>>> print(open('start-v7.pdb').read())   # PDB, C-alpha atoms and all ligand atoms
ATOM      1  CA  MET A   1     -12.021   2.665 -21.592
ATOM      2  CA  SER A   2     -11.019   5.311 -19.056
ATOM      3  CA  GLU A   3      -7.565   4.813 -17.577
ATOM      4  CA  THR A   4      -8.263   7.054 -14.585
ATOM      5  CA  LEU A   5      -6.887   5.548 -11.421
ATOM      6  CA  ILE A   6      -9.313   5.370  -8.512
ATOM      7  CA  LEU A   7      -7.727   5.009  -5.085
ATOM      8  CA  HIS A   8      -9.721   3.466  -2.220
ATOM      9  CA  HIS A   9      -7.944   4.700   0.904
ATOM     10  CA  TYR A  10      -8.159   6.720   4.086
ATOM     11  CA  ASP A  11      -6.151   9.857   4.774
ATOM     12  CA  ALA A  12      -4.198   8.493   7.759
ATOM     13  CA  SER A  13      -2.987   5.387   5.857
ATOM     14  CA  PRO A  14       0.808   5.501   5.355
ATOM     15  CA  TYR A  15       0.791   2.967   2.508
ATOM     16  CA  ALA A  16      -1.827   5.124   0.808
ATOM     17  CA  GLU A  17       0.357   8.184   1.415
ATOM     18  CA  LYS A  18       3.147   6.409  -0.459
ATOM     19  CA  ILE A  19       0.863   6.089  -3.495
ATOM     20  CA  ARG A  20      -0.637   9.599  -3.150
ATOM     21  CA  LEU A  21       2.871  11.102  -3.207
ATOM     22  CA  MET A  22       3.822   8.983  -6.216
ATOM     23  CA  LEU A  23       0.761  10.371  -8.009
ATOM     24  CA  GLY A  24       1.782  13.868  -6.888
ATOM     25  CA  SER A  25       5.355  13.425  -8.112
ATOM     26  CA  GLN A  26       4.002  12.727 -11.598
ATOM     27  CA  GLY A  27       1.412  15.520 -11.506
ATOM     28  CA  MET A  28      -1.312  12.943 -12.119
ATOM     29  CA  THR A  29      -5.069  13.373 -11.998
ATOM     30  CA  TRP A  30      -6.815  10.653  -9.984
ATOM     31  CA  GLN A  31     -10.039   9.885  -8.170
ATOM     32  CA  SER A  32     -10.319   9.232  -4.462
ATOM     33  CA  VAL A  33     -12.856   7.082  -2.644
ATOM     34  CA  LEU A  34     -12.549   7.367   1.121
ATOM     35  CA  SER A  35     -12.745   4.047   2.979
ATOM     36  CA  PRO A  36     -13.368   3.461   6.674
ATOM     37  CA  PRO A  37     -10.111   2.816   8.601
ATOM     38  CA  GLN A  38     -11.208  -0.757   9.296
ATOM     39  CA  PRO A  39     -13.464  -3.375   7.660
ATOM     40  CA  PRO A  40     -16.203  -3.700   6.623
ATOM     41  CA  ARG A  41     -15.464  -1.436   3.639
ATOM     42  CA  PRO A  42     -18.651  -1.309   1.572
ATOM     43  CA  ASN A  43     -16.954   1.076  -0.897
ATOM     44  CA  VAL A  44     -14.496  -1.542  -2.074
ATOM     45  CA  ASP A  45     -15.274  -5.015  -0.630
ATOM     46  CA  PRO A  46     -17.769  -5.725  -3.465
ATOM     47  CA  LEU A  47     -14.986  -4.991  -5.998
ATOM     48  CA  SER A  48     -12.048  -6.738  -4.340
ATOM     49  CA  GLY A  49     -13.945  -9.711  -2.932
ATOM     50  CA  GLY A  50     -12.897  -8.913   0.630
ATOM     51  CA  TYR A  51      -9.136  -8.131   0.523
ATOM     52  CA  ARG A  52      -8.759  -6.379   3.864
ATOM     53  CA  ARG A  53      -5.825  -4.027   3.464
ATOM     54  CA  ILE A  54      -5.648  -0.449   2.267
ATOM     55  CA  PRO A  55      -4.971   1.009  -0.240
ATOM     56  CA  ILE A  56      -6.704  -0.690  -3.148
ATOM     57  CA  ALA A  57      -6.650   0.864  -6.603
ATOM     58  CA  GLN A  58      -9.068   0.426  -9.469
ATOM     59  CA  ILE A  59      -8.931   1.167 -13.168
ATOM     60  CA  GLY A  60     -12.336   0.311 -14.619
ATOM     61  CA  ALA A  61     -12.984  -3.396 -13.947
ATOM     62  CA  ASP A  62      -9.375  -4.107 -12.878
ATOM     63  CA  VAL A  63      -8.731  -3.969  -9.139
ATOM     64  CA  PHE A  64      -5.204  -3.782  -7.674
ATOM     65  CA  CYS A  65      -4.436  -5.066  -4.193
ATOM     66  CA  ASP A  66      -1.174  -4.096  -2.444
ATOM     67  CA  THR A  67       1.026  -1.097  -3.194
ATOM     68  CA  PHE A  68       3.454  -3.326  -5.119
ATOM     69  CA  VAL A  69       0.995  -3.719  -8.002
ATOM     70  CA  ILE A  70      -0.504  -0.258  -7.479
ATOM     71  CA  ALA A  71       2.968   1.296  -7.865
ATOM     72  CA  GLN A  72       3.461  -0.733 -11.047
ATOM     73  CA  GLU A  73       0.230   0.721 -12.422
ATOM     74  CA  VAL A  74       1.254   4.281 -11.510
ATOM     75  CA  ALA A  75       4.653   3.659 -13.166
ATOM     76  CA  ARG A  76       2.916   2.414 -16.306
ATOM     77  CA  LEU A  77       0.373   5.253 -16.495
ATOM     78  CA  ALA A  78       3.035   7.904 -15.856
ATOM     79  CA  GLY A  79       5.659   6.318 -18.124
ATOM     80  CA  ALA A  80       8.000   6.343 -15.098
ATOM     81  CA  PRO A  81       9.649   2.903 -14.829
ATOM     82  CA  GLU A  82      11.721   4.053 -11.851
ATOM     83  CA  LEU A  83       8.521   3.917  -9.773
ATOM     84  CA  ASP A  84       8.100   0.199 -10.427
ATOM     85  CA  PRO A  85       9.176  -1.763  -7.311
ATOM     86  CA  GLU A  86      10.766  -4.353  -9.608
ATOM     87  CA  SER A  87      13.261  -1.683 -10.704
ATOM     88  CA  ALA A  88      14.811  -1.412  -7.211
ATOM     89  CA  GLU A  89      18.179  -3.143  -6.912
ATOM     90  CA  GLY A  90      20.983  -3.683  -4.420
ATOM     91  CA  GLU A  91      21.046  -1.452  -1.337
ATOM     92  CA  ALA A  92      17.951   0.452  -2.472
ATOM     93  CA  ALA A  93      16.006  -2.812  -2.667
ATOM     94  CA  ASP A  94      17.242  -3.765   0.831
ATOM     95  CA  LEU A  95      16.181  -0.400   2.205
ATOM     96  CA  LEU A  96      12.774  -0.752   0.565
ATOM     97  CA  ALA A  97      12.282  -4.221   2.072
ATOM     98  CA  ARG A  98      13.346  -3.003   5.516
ATOM     99  CA  ALA A  99      11.042   0.034   5.330
ATOM    100  CA  GLU A 100       8.027  -2.091   4.440
ATOM    101  CA  GLY A 101       8.852  -4.843   6.910
ATOM    102  CA  GLU A 102      10.066  -4.250  10.445
ATOM    103  CA  VAL A 103      10.385  -0.449  10.145
ATOM    104  CA  PHE A 104       6.691  -0.040   9.320
ATOM    105  CA  PHE A 105       5.678  -1.751  12.564
ATOM    106  CA  ALA A 106       8.522  -0.107  14.516
ATOM    107  CA  ALA A 107       7.234   3.307  13.415
ATOM    108  CA  ILE A 108       4.183   2.750  15.639
ATOM    109  CA  GLY A 109       5.732   0.415  18.222
ATOM    110  CA  SER A 110       8.298   3.080  19.115
ATOM    111  CA  VAL A 111       5.604   5.600  20.099
ATOM    112  CA  SER A 112       4.545   5.505  23.773
ATOM    113  CA  PRO A 113       1.064   4.007  24.300
ATOM    114  CA  LEU A 114      -0.127   7.219  25.950
ATOM    115  CA  THR A 115       0.935   9.387  22.990
ATOM    116  CA  LEU A 116      -0.654   6.895  20.608
ATOM    117  CA  LEU A 117      -3.877   7.070  22.574
ATOM    118  CA  GLY A 118      -3.847  10.873  22.346
ATOM    119  CA  THR A 119      -3.261  10.764  18.575
ATOM    120  CA  MET A 120      -6.122   8.337  18.004
ATOM    121  CA  LEU A 121      -8.498  10.321  20.220
ATOM    122  CA  ARG A 122      -7.749  13.443  18.175
ATOM    123  CA  THR A 123      -8.143  11.750  14.799
ATOM    124  CA  VAL A 124     -11.026   9.295  15.244
ATOM    125  CA  GLY A 125     -12.608  10.167  18.622
ATOM    126  CA  PRO A 126     -13.251   7.774  21.536
ATOM    127  CA  LEU A 127     -15.606   5.369  19.743
ATOM    128  CA  GLY A 128     -13.450   5.302  16.609
ATOM    129  CA  MET A 129     -10.419   4.618  18.761
ATOM    130  CA  VAL A 130     -12.006   1.593  20.454
ATOM    131  CA  ARG A 131     -13.199   0.224  17.102
ATOM    132  CA  PHE A 132      -9.775   0.736  15.519
ATOM    133  CA  ALA A 133      -7.796  -0.725  18.438
ATOM    134  CA  LEU A 134     -10.022  -3.828  18.615
ATOM    135  CA  ASP A 135      -9.776  -4.356  14.857
ATOM    136  CA  ARG A 136      -5.983  -4.086  14.737
ATOM    137  CA  ALA A 137      -5.567  -6.299  17.838
ATOM    138  CA  ARG A 138      -7.710  -8.938  16.106
ATOM    139  CA  MET A 139      -5.774  -8.556  12.848
ATOM    140  CA  MET A 140      -2.438  -9.062  14.597
ATOM    141  CA  GLN A 141      -3.724 -12.176  16.442
ATOM    142  CA  THR A 142      -3.894 -14.030  13.139
ATOM    143  CA  ALA A 143      -0.735 -12.421  11.739
ATOM    144  CA  ASN A 144       2.404 -14.369  10.892
ATOM    145  CA  VAL A 145       4.634 -11.434  11.858
ATOM    146  CA  LYS A 146       5.250  -9.946  15.274
ATOM    147  CA  ALA A 147       5.225  -6.153  15.674
ATOM    148  CA  PRO A 148       8.246  -4.868  17.664
ATOM    149  CA  GLN A 149       7.419  -2.657  20.654
ATOM    150  CA  GLY A 150       9.152  -0.180  22.991
ATOM    151  CA  ASP A 151      12.974  -0.246  23.049
ATOM    152  CA  GLY A 152      13.178  -2.936  20.347
ATOM    153  CA  ALA A 153      11.061  -0.807  18.015
ATOM    154  CA  ARG A 154      13.001   2.371  18.863
ATOM    155  CA  SER A 155      16.301   0.726  18.008
ATOM    156  CA  ILE A 156      14.963  -0.582  14.637
ATOM    157  CA  LEU A 157      13.792   2.933  13.793
ATOM    158  CA  GLN A 158      17.094   4.560  14.851
ATOM    159  CA  ASP A 159      19.101   2.041  12.787
ATOM    160  CA  PHE A 160      16.945   2.784   9.774
ATOM    161  CA  LEU A 161      17.354   6.543  10.218
ATOM    162  CA  ASP A 162      21.136   6.083  10.585
ATOM    163  CA  THR A 163      21.335   4.088   7.342
ATOM    164  CA  LEU A 164      19.104   6.513   5.469
ATOM    165  CA  ASP A 165      20.965   9.576   6.765
ATOM    166  CA  ALA A 166      24.303   8.106   5.686
ATOM    167  CA  ARG A 167      22.914   7.311   2.235
ATOM    168  CA  LEU A 168      21.576  10.836   1.821
ATOM    169  CA  THR A 169      24.900  12.515   2.719
ATOM    170  CA  ASP A 170      26.000  12.920  -0.884
ATOM    171  CA  ARG A 171      22.727  12.338  -2.738
ATOM    172  CA  ASP A 172      19.427  14.206  -3.038
ATOM    173  CA  PHE A 173      17.441  10.977  -3.091
ATOM    174  CA  VAL A 174      17.899   7.397  -1.935
ATOM    175  CA  THR A 175      19.426   6.128  -5.173
ATOM    176  CA  GLY A 176      20.986   9.332  -6.552
ATOM    177  CA  ASP A 177      19.804  12.575  -8.119
ATOM    178  CA  THR A 178      16.320  11.438  -9.055
ATOM    179  CA  LEU A 179      13.283  10.093  -7.256
ATOM    180  CA  THR A 180      12.683   6.358  -7.378
ATOM    181  CA  ILE A 181      10.349   3.887  -5.696
ATOM    182  CA  ALA A 182      12.896   3.535  -2.854
ATOM    183  CA  ASP A 183      12.234   7.139  -1.756
ATOM    184  CA  PHE A 184       8.512   6.567  -1.445
ATOM    185  CA  ALA A 185       8.975   3.267   0.373
ATOM    186  CA  ALA A 186      11.464   4.787   2.829
ATOM    187  CA  PHE A 187       9.265   7.831   3.415
ATOM    188  CA  HIS A 188       5.948   6.323   4.428
ATOM    189  CA  PRO A 189       6.910   4.632   7.730
ATOM    190  CA  LEU A 190       8.611   7.875   8.797
ATOM    191  CA  TRP A 191       5.464   9.805   7.896
ATOM    192  CA  LEU A 192       3.502   7.347  10.055
ATOM    193  CA  HIS A 193       5.943   7.889  12.925
ATOM    194  CA  VAL A 194       5.760  11.682  12.680
ATOM    195  CA  ALA A 195       1.947  11.580  12.540
ATOM    196  CA  THR A 196       1.471   9.173  15.441
ATOM    197  CA  SER A 197       4.176  10.653  17.702
ATOM    198  CA  ARG A 198       3.038  14.198  16.782
ATOM    199  CA  HIS A 199       6.711  15.114  16.744
ATOM    200  CA  PRO A 200       9.030  16.073  13.878
ATOM    201  CA  LEU A 201      11.963  13.820  13.015
ATOM    202  CA  ASP A 202      15.034  14.066  15.216
ATOM    203  CA  ALA A 203      17.095  17.040  13.914
ATOM    204  CA  ARG A 204      20.289  14.977  14.363
ATOM    205  CA  PHE A 205      19.330  13.212  11.104
ATOM    206  CA  ALA A 206      19.824  16.401   9.118
ATOM    207  CA  ASN A 207      20.008  14.730   5.690
ATOM    208  CA  VAL A 208      16.817  12.788   6.342
ATOM    209  CA  VAL A 209      15.069  15.942   7.562
ATOM    210  CA  ARG A 210      16.002  17.785   4.333
ATOM    211  CA  TRP A 211      14.909  14.863   2.143
ATOM    212  CA  TYR A 212      11.683  14.380   4.159
ATOM    213  CA  ALA A 213      10.659  18.008   3.501
ATOM    214  CA  GLN A 214      11.267  17.519  -0.235
ATOM    215  CA  MET A 215       9.164  14.361  -0.254
ATOM    216  CA  GLU A 216       6.296  16.030   1.625
ATOM    217  CA  ALA A 217       6.353  18.924  -0.843
ATOM    218  CA  LEU A 218       5.571  16.584  -3.763
ATOM    219  CA  GLY A 219       1.893  16.837  -2.862
ATOM    220  CA  HIS A 220      -0.853  14.558  -4.131
ATOM    221  CA  GLY A 221      -1.449  15.706  -7.714
ATOM    222  CA  ALA A 222      -4.987  16.518  -8.841
ATOM    223  CA  ARG A 223      -7.268  14.554  -6.505
ATOM    224  CA  GLU A 224     -10.989  14.410  -7.204
ATOM    225  CA  GLU A 225     -13.224  13.071  -4.438
ATOM    226  CA  ILE A 226     -15.902  10.696  -5.763
ATOM    227  CA  ASP A 227     -18.484   8.553  -4.007
ATOM    228  CA  PRO A 228     -18.361   4.738  -4.117
ATOM    229  CA  GLU A 229     -21.269   4.596  -6.569
ATOM    230  CA  ARG A 230     -19.106   6.301  -9.221
ATOM    231  CA  ALA A 231     -16.336   3.782  -8.657
ATOM    232  CA  PHE A 232     -18.878   0.971  -9.027
ATOM    233  CA  GLU A 233     -20.170   2.570 -12.222
ATOM    234  CA  ALA A 234     -16.606   2.657 -13.598
ATOM    235  CA  ALA A 235     -16.355  -1.114 -13.000
ATOM    236  CA  ARG A 236     -19.793  -1.790 -14.508
ATOM    237  CA  ALA A 237     -19.056   0.285 -17.594
ATOM    238  CA  SER A 238     -15.768  -1.497 -18.383
ATOM    239  CA  LYS A 239     -14.486  -4.932 -19.178
ATOM    240  CA  PRO A 240     -11.245  -6.117 -17.589
ATOM    241  CA  ARG A 241      -8.265  -5.299 -19.758
ATOM    242  CA  THR A 242      -6.367  -7.842 -21.846
ATOM    243  CA  LEU A 243      -4.420 -10.294 -19.713
ATOM    244  CA  PRO A 244      -0.613 -10.175 -19.769
ATOM    245  CA  ALA A 245       1.121 -12.635 -22.077
ATOM    246  CA  VAL A 246       2.939 -15.360 -20.181
ATOM    247  CA  THR A 247       6.121 -16.792 -21.595
ATOM    248  CA  GLY A 248       7.235 -20.275 -20.644
ATOM    249  CA  GLU A 249       5.128 -22.951 -19.049
ATOM    250  CA  ALA A 250       1.624 -21.885 -17.970
ATOM    251  CA  ASP A 251       0.527 -22.404 -14.351
ATOM    252  CA  ALA A 252      -1.367 -25.692 -14.183
ATOM    253  CA  ARG A 253      -4.030 -24.069 -12.014
ATOM    254  CA  ILE A 254      -5.139 -21.576 -14.720
ATOM    255  CA  GLY A 255      -8.923 -21.853 -15.010
ATOM    256  CA  SER A 256      -9.414 -23.344 -11.551
ATOM    257  CA  ARG A 257     -10.804 -21.733  -8.418
ATOM    258  CA  VAL A 258      -8.129 -20.499  -6.081
ATOM    259  CA  SER A 259      -7.834 -18.396  -3.014
ATOM    260  CA  VAL A 260      -5.240 -15.616  -2.654
ATOM    261  CA  ALA A 261      -4.223 -14.135   0.694
ATOM    262  CA  PRO A 262      -1.339 -12.093   2.129
ATOM    263  CA  ALA A 263       1.155 -14.333   3.921
ATOM    264  CA  ASP A 264       2.020 -11.843   6.691
ATOM    265  CA  TYR A 265      -1.014  -9.989   8.144
ATOM    266  CA  GLY A 266      -4.565  -9.122   7.178
ATOM    267  CA  THR A 267      -4.668 -12.676   5.822
ATOM    268  CA  VAL A 268      -8.269 -12.574   4.544
ATOM    269  CA  PRO A 269      -8.493 -14.628   1.325
ATOM    270  CA  VAL A 270     -10.066 -13.562  -1.965
ATOM    271  CA  VAL A 271     -11.559 -16.395  -4.013
ATOM    272  CA  GLY A 272     -11.844 -16.429  -7.801
ATOM    273  CA  THR A 273     -10.757 -18.132 -11.006
ATOM    274  CA  LEU A 274      -7.049 -17.957 -11.701
ATOM    275  CA  VAL A 275      -6.734 -16.286 -15.109
ATOM    276  CA  ALA A 276      -3.084 -15.172 -15.166
ATOM    277  CA  ALA A 277       0.085 -16.018 -13.267
ATOM    278  CA  THR A 278       3.205 -14.080 -14.282
ATOM    279  CA  PRO A 279       6.471 -14.193 -12.298
ATOM    280  CA  SER A 280       5.345 -11.100 -10.367
ATOM    281  CA  ARG A 281       1.560 -11.019 -10.576
ATOM    282  CA  THR A 282      -1.463 -13.220  -9.893
ATOM    283  CA  ILE A 283      -4.800 -12.259 -11.452
ATOM    284  CA  LEU A 284      -8.169 -13.668 -10.413
ATOM    285  CA  ALA A 285     -11.453 -13.286 -12.281
ATOM    286  CA  ARG A 286     -14.508 -12.733 -10.102
ATOM    287  CA  GLU A 287     -17.981 -12.974 -11.597
ATOM    288  CA  THR A 288     -20.258 -10.477  -9.884
ATOM    289  CA  ASP A 289     -23.943  -9.628 -10.348
ATOM    290  CA  ARG A 290     -23.284  -5.925  -9.809
ATOM    291  CA  PHE A 291     -20.354  -5.326 -12.161
ATOM    292  CA  GLY A 292     -20.002  -8.392 -14.371
ATOM    293  CA  THR A 293     -16.465  -9.795 -14.519
ATOM    294  CA  VAL A 294     -13.854  -8.083 -12.392
ATOM    295  CA  HIS A 295     -10.132  -8.919 -12.470
ATOM    296  CA  VAL A 296      -8.323  -8.666  -9.137
ATOM    297  CA  HIS A 297      -4.520  -8.305  -9.287
ATOM    298  CA  PHE A 298      -2.095  -9.332  -6.501
ATOM    299  CA  PRO A 299       1.694  -9.427  -6.257
ATOM    300  CA  VAL A 300       3.283 -12.878  -6.186
ATOM    301  CA  ARG A 301       5.760 -11.897  -3.485
ATOM    302  CA  GLY A 302       4.239 -11.996  -0.008
ATOM    303  CA  PHE A 303       1.025 -13.729  -1.080
ATOM    304  CA  GLU A 304      -0.164 -17.344  -0.973
ATOM    305  CA  VAL A 305      -2.259 -18.980  -3.674
ATOM    306  CA  THR A 306      -4.104 -22.128  -2.607
ATOM    307  CA  ASP A 307      -6.832 -24.285  -4.149
ATOM    308  CA  ALA A 308     -10.277 -23.076  -3.159
TER     309      ALA A 308
HETATM  310  N1  LIG A 401       1.875  -4.758   1.803
HETATM  311  C1  LIG A 401       0.686  -3.949   1.841
HETATM  312  C2  LIG A 401       0.540  -3.322   3.208
HETATM  313  C3  LIG A 401      -0.667  -2.408   3.324
HETATM  314  C4  LIG A 401      -1.031  -2.105   4.774
HETATM  315  O1  LIG A 401      -0.529  -2.690   5.736
HETATM  316  N2  LIG A 401      -1.936  -1.183   4.926
HETATM  317  C5  LIG A 401      -2.440  -0.868   6.228
HETATM  318  C6  LIG A 401      -2.945   0.555   6.248
HETATM  319  S1  LIG A 401      -1.662   1.700   5.869
HETATM  320  C7  LIG A 401      -3.633  -1.736   6.488
HETATM  321  O2  LIG A 401      -4.246  -2.207   5.566
HETATM  322  N3  LIG A 401      -3.993  -1.951   7.728
HETATM  323  C8  LIG A 401      -5.144  -2.707   8.013
HETATM  324  C9  LIG A 401      -6.391  -2.095   7.472
HETATM  325  O3  LIG A 401      -6.431  -0.902   7.128
HETATM  326  O4  LIG A 401      -7.398  -2.820   7.407
HETATM  327  C10 LIG A 401       0.761  -2.912   0.726
HETATM  328  O5  LIG A 401       1.861  -2.618   0.243
HETATM  329  O6  LIG A 401      -0.298  -2.453   0.276
END
>>> encode(input="start-v7.pdb", output="structure tokens")
Amino acid sequence: MSETLILHHYDASPYAEKIRLMLGSQGMTWQSVLSPPQPPRPNVDPLSGGYRRIPIAQIGADVFCDTFVIAQEVARLAGAPELDPESAEGEAADLLARAEGEVFFAAIGSVSPLTLLGTMLRTVGPLGMVRFALDRARMMQTANVKAPQGDGARSILQDFLDTLDARLTDRDFVTGDTLTIADFAAFHPLWLHVATSRHPLDARFANVVRWYAQMEALGHGAREEIDPERAFEAARASKPRTLPAVTGEADARIGSRVSVAPADYGTVPVVGTLVAATPSRTILARETDRFGTVHVHFPVRGFEVTDA
């Protein structure tokens, strides 16, 4: 079975940029399927069963939702355990959690609405902008988190930059002399901020500016653009890989139909048969006419599993 990673993403997605740079840092070869910036996503919905966030990765008939499990797959394929989010500890883990929580939303909330409007007009045009804005407004209506705006968002972003700059005073990277998952997690909200504000980072944060340039220079590795049909063929031609061994007591719901959804935002559930539940990962089997059995992987943290 081919172990080529297929990434379903769109170029402006910061979470996807985190993964693209991880692939670049390892000089990996991967395949790219471009998704629309909002649902429906006919290139990947049939595989994932409707998970609404981006990116989604695929290796044959295994589908990976959320960058937590995608990063674990990149770490495994590259033999680079320092890219596994479970390897982050202490202050680096705190920074990672902050970057992917309030800082992610603050990266946009701190940009003036007029500038944001200009950025969207340039990237997706007037119709695309209306579609995108309506979709995200709807998504946030059902969200269990509130996105900070204006001064609140600006102060969250400044605090984060202060912390990061101090950390980078005597280190090349967030945890020391080498790249780890914490660098990629800290980078992507800043990349989002730079892209949406159309302004470089404040030069006062000199250490961050130096580190940011190094991160950007990692590039994306060898990216091959493919159309969705090739991704579907990869699923059809493969069987899901062997399930992970579980030590200790098995989840009583194994074999029953469950629904898995993010707890924070984009809370669209995916329904399937629970086939594996490890301390960090939930795997559902979905029987499909188009591809046969597909296994969909989710992180445990930040997701809810309920009876379907
Ligand atoms: N925790 C998720 C967050 C992913 C996320 O928020 N992605 C954004 C795009 S960068 C998203 O999906 N927004 C809504 C959408 O694209 O439908 C992860 O790590 O993958």
>>> residues_near_ligand(input="start-v7.pdb", ligand="ligand LIG 401 (chain A)", cutoff="10 Å", atoms="only C-alpha atoms and all ligand atoms", output="PyMOL selection string")
chain A and resi 9-19+35-41+51-57+64-71+100-101+104-105+132+135-136+139-140+185+188-189+192+262-266+298-299+301-303
>>> resolve_selection(input="start-v7.pdb", expression="the PyMOL selection byres (((chain A and resi 213-230) around 10) and not hetatm)", output="PyMOL selection string")
chain A and resi 6-8+17-35+42-44+172-173+179+183-184+187-188+191+208-212+231-236
>>> residues_around(input="start-v7.pdb", residues="A:Arg98", least_positions_apart="4", cutoff="10 Å", atoms="all atoms listed in the file", output="ChimeraX atom specification")
/A:92-94,102-104,156,160,185-186
>>> atom_distance(input="start-v7.pdb", atom1="atom CA of A:Val174", atom2="atom CA of A:Ala75")
17.8 Å
>>> resolve_selection(input="start-v7.pdb", expression="the PyMOL selection byres (((chain A and resi 254) around 7) and not hetatm)", output="PyMOL selection string")
chain A and resi 251-253+255-256+274-276
>>> residues_around(input="start-v7.pdb", residues="A:Arg257", least_positions_apart="6", cutoff="9 Å", atoms="only C-alpha atoms", output="ChimeraX atom specification")
/A:271-274,284,306-308
>>> resolve_selection(input="start-v7.pdb", expression="the PyMOL selection byres (((chain A and resi 295) around 7) and not hetatm)", output="PyMOL selection string")
chain A and resi 61-63+240+283-286+293-294+296-297
>>> axis_aligned_box(input="start-v7.pdb", around="stretch 260-279 of chain A", padding_each_side="5 Å", output="JSON")
{"center_x": -2.7, "center_y": -13.6, "center_z": -3.5, "size_x": 28.3, "size_y": 19.0, "size_z": 33.3}
>>> closest_residue(input="start-v7.pdb", among="A:Ala182, A:Leu47, A:Ala245, A:Leu5", to="A:Ser87", atoms="only C-alpha atoms")
A:Ala182
>>> residues_near_point(input="start-v7.pdb", point="(11.2, -4.7, 17.7)", cutoff="10 Å", atoms="only C-alpha atoms", output="PDB file with C-alpha atoms, in the coordinates of the input")
ATOM      1  CA  GLU A 102      10.066  -4.250  10.445  1.00  0.00           C
ATOM      2  CA  VAL A 103      10.385  -0.449  10.145  1.00  0.00           C
ATOM      3  CA  PHE A 105       5.678  -1.751  12.564  1.00  0.00           C
ATOM      4  CA  ALA A 106       8.522  -0.107  14.516  1.00  0.00           C
ATOM      5  CA  ALA A 107       7.234   3.307  13.415  1.00  0.00           C
ATOM      6  CA  GLY A 109       5.732   0.415  18.222  1.00  0.00           C
ATOM      7  CA  SER A 110       8.298   3.080  19.115  1.00  0.00           C
ATOM      8  CA  LYS A 146       5.250  -9.946  15.274  1.00  0.00           C
ATOM      9  CA  ALA A 147       5.225  -6.153  15.674  1.00  0.00           C
ATOM     10  CA  PRO A 148       8.246  -4.868  17.664  1.00  0.00           C
ATOM     11  CA  GLN A 149       7.419  -2.657  20.654  1.00  0.00           C
ATOM     12  CA  GLY A 150       9.152  -0.180  22.991  1.00  0.00           C
ATOM     13  CA  ASP A 151      12.974  -0.246  23.049  1.00  0.00           C
ATOM     14  CA  GLY A 152      13.178  -2.936  20.347  1.00  0.00           C
ATOM     15  CA  ALA A 153      11.061  -0.807  18.015  1.00  0.00           C
ATOM     16  CA  ARG A 154      13.001   2.371  18.863  1.00  0.00           C
ATOM     17  CA  SER A 155      16.301   0.726  18.008  1.00  0.00           C
ATOM     18  CA  ILE A 156      14.963  -0.582  14.637  1.00  0.00           C
ATOM     19  CA  LEU A 157      13.792   2.933  13.793  1.00  0.00           C
TER      20      LEU A 157
END
>>> closest_residue(input="start-v7.pdb", among="A:Leu77, A:Leu117, A:Val246, A:Ala277", to="A:Ser2", atoms="all atoms listed in the file")
A:Leu77
>>> atom_distance(input="start-v7.pdb", atom1="atom CA of A:Leu190", atom2="atom CA of A:Ser280")
27.2 Å
>>> closest_residue(input="start-v7.pdb", among="A:Leu161, A:Leu116, A:Ala261, A:Ala206", to="A:Thr282", atoms="all atoms listed in the file")
A:Ala261
>>> closest_residue(input="start-v7.pdb", among="A:Pro269, A:Pro46, A:Thr115, A:Ala203", to="A:Asp289", atoms="all atoms listed in the file")
A:Pro46
>>> build_atoms(input="start-v7.pdb", residues="stretch 235-244 of chain A", atoms="N, CA and C atoms", output="mmCIF file, in the frame of the given file")
data_model
loop_
_atom_site.group_PDB
_atom_site.id
_atom_site.type_symbol
_atom_site.label_atom_id
_atom_site.label_comp_id
_atom_site.auth_asym_id
_atom_site.auth_seq_id
_atom_site.Cartn_x
_atom_site.Cartn_y
_atom_site.Cartn_z
ATOM 1 N N ALA A 235 -16.571 0.335 -12.835
ATOM 2 C CA ALA A 235 -16.355 -1.114 -13.000
ATOM 3 C C ALA A 235 -17.417 -1.707 -13.926
ATOM 4 N N ARG A 236 -18.664 -1.281 -13.708
ATOM 5 C CA ARG A 236 -19.793 -1.790 -14.508
ATOM 6 C C ARG A 236 -19.641 -1.420 -15.976
ATOM 7 N N ALA A 237 -19.118 -0.228 -16.215
ATOM 8 C CA ALA A 237 -19.056 0.285 -17.594
ATOM 9 C C ALA A 237 -17.864 -0.281 -18.366
ATOM 10 N N SER A 238 -16.977 -1.017 -17.700
ATOM 11 C CA SER A 238 -15.768 -1.497 -18.383
ATOM 12 C C SER A 238 -15.696 -3.017 -18.355
ATOM 13 N N LYS A 239 -14.848 -3.509 -19.230
ATOM 14 C CA LYS A 239 -14.486 -4.932 -19.178
ATOM 15 C C LYS A 239 -13.049 -4.960 -18.685
ATOM 16 N N PRO A 240 -12.644 -6.053 -17.997
ATOM 17 C CA PRO A 240 -11.245 -6.117 -17.589
ATOM 18 C C PRO A 240 -10.332 -6.034 -18.802
ATOM 19 N N ARG A 241 -9.156 -5.469 -18.616
ATOM 20 C CA ARG A 241 -8.265 -5.299 -19.758
ATOM 21 C C ARG A 241 -7.644 -6.634 -20.173
ATOM 22 N N THR A 242 -6.988 -6.625 -21.319
ATOM 23 C CA THR A 242 -6.367 -7.842 -21.846
ATOM 24 C C THR A 242 -5.347 -8.384 -20.849
ATOM 25 N N LEU A 243 -5.341 -9.681 -20.683
ATOM 26 C CA LEU A 243 -4.420 -10.294 -19.713
ATOM 27 C C LEU A 243 -2.984 -10.251 -20.233
ATOM 28 N N PRO A 244 -2.009 -10.208 -19.310
ATOM 29 C CA PRO A 244 -0.613 -10.175 -19.769
ATOM 30 C C PRO A 244 -0.223 -11.501 -20.422
#
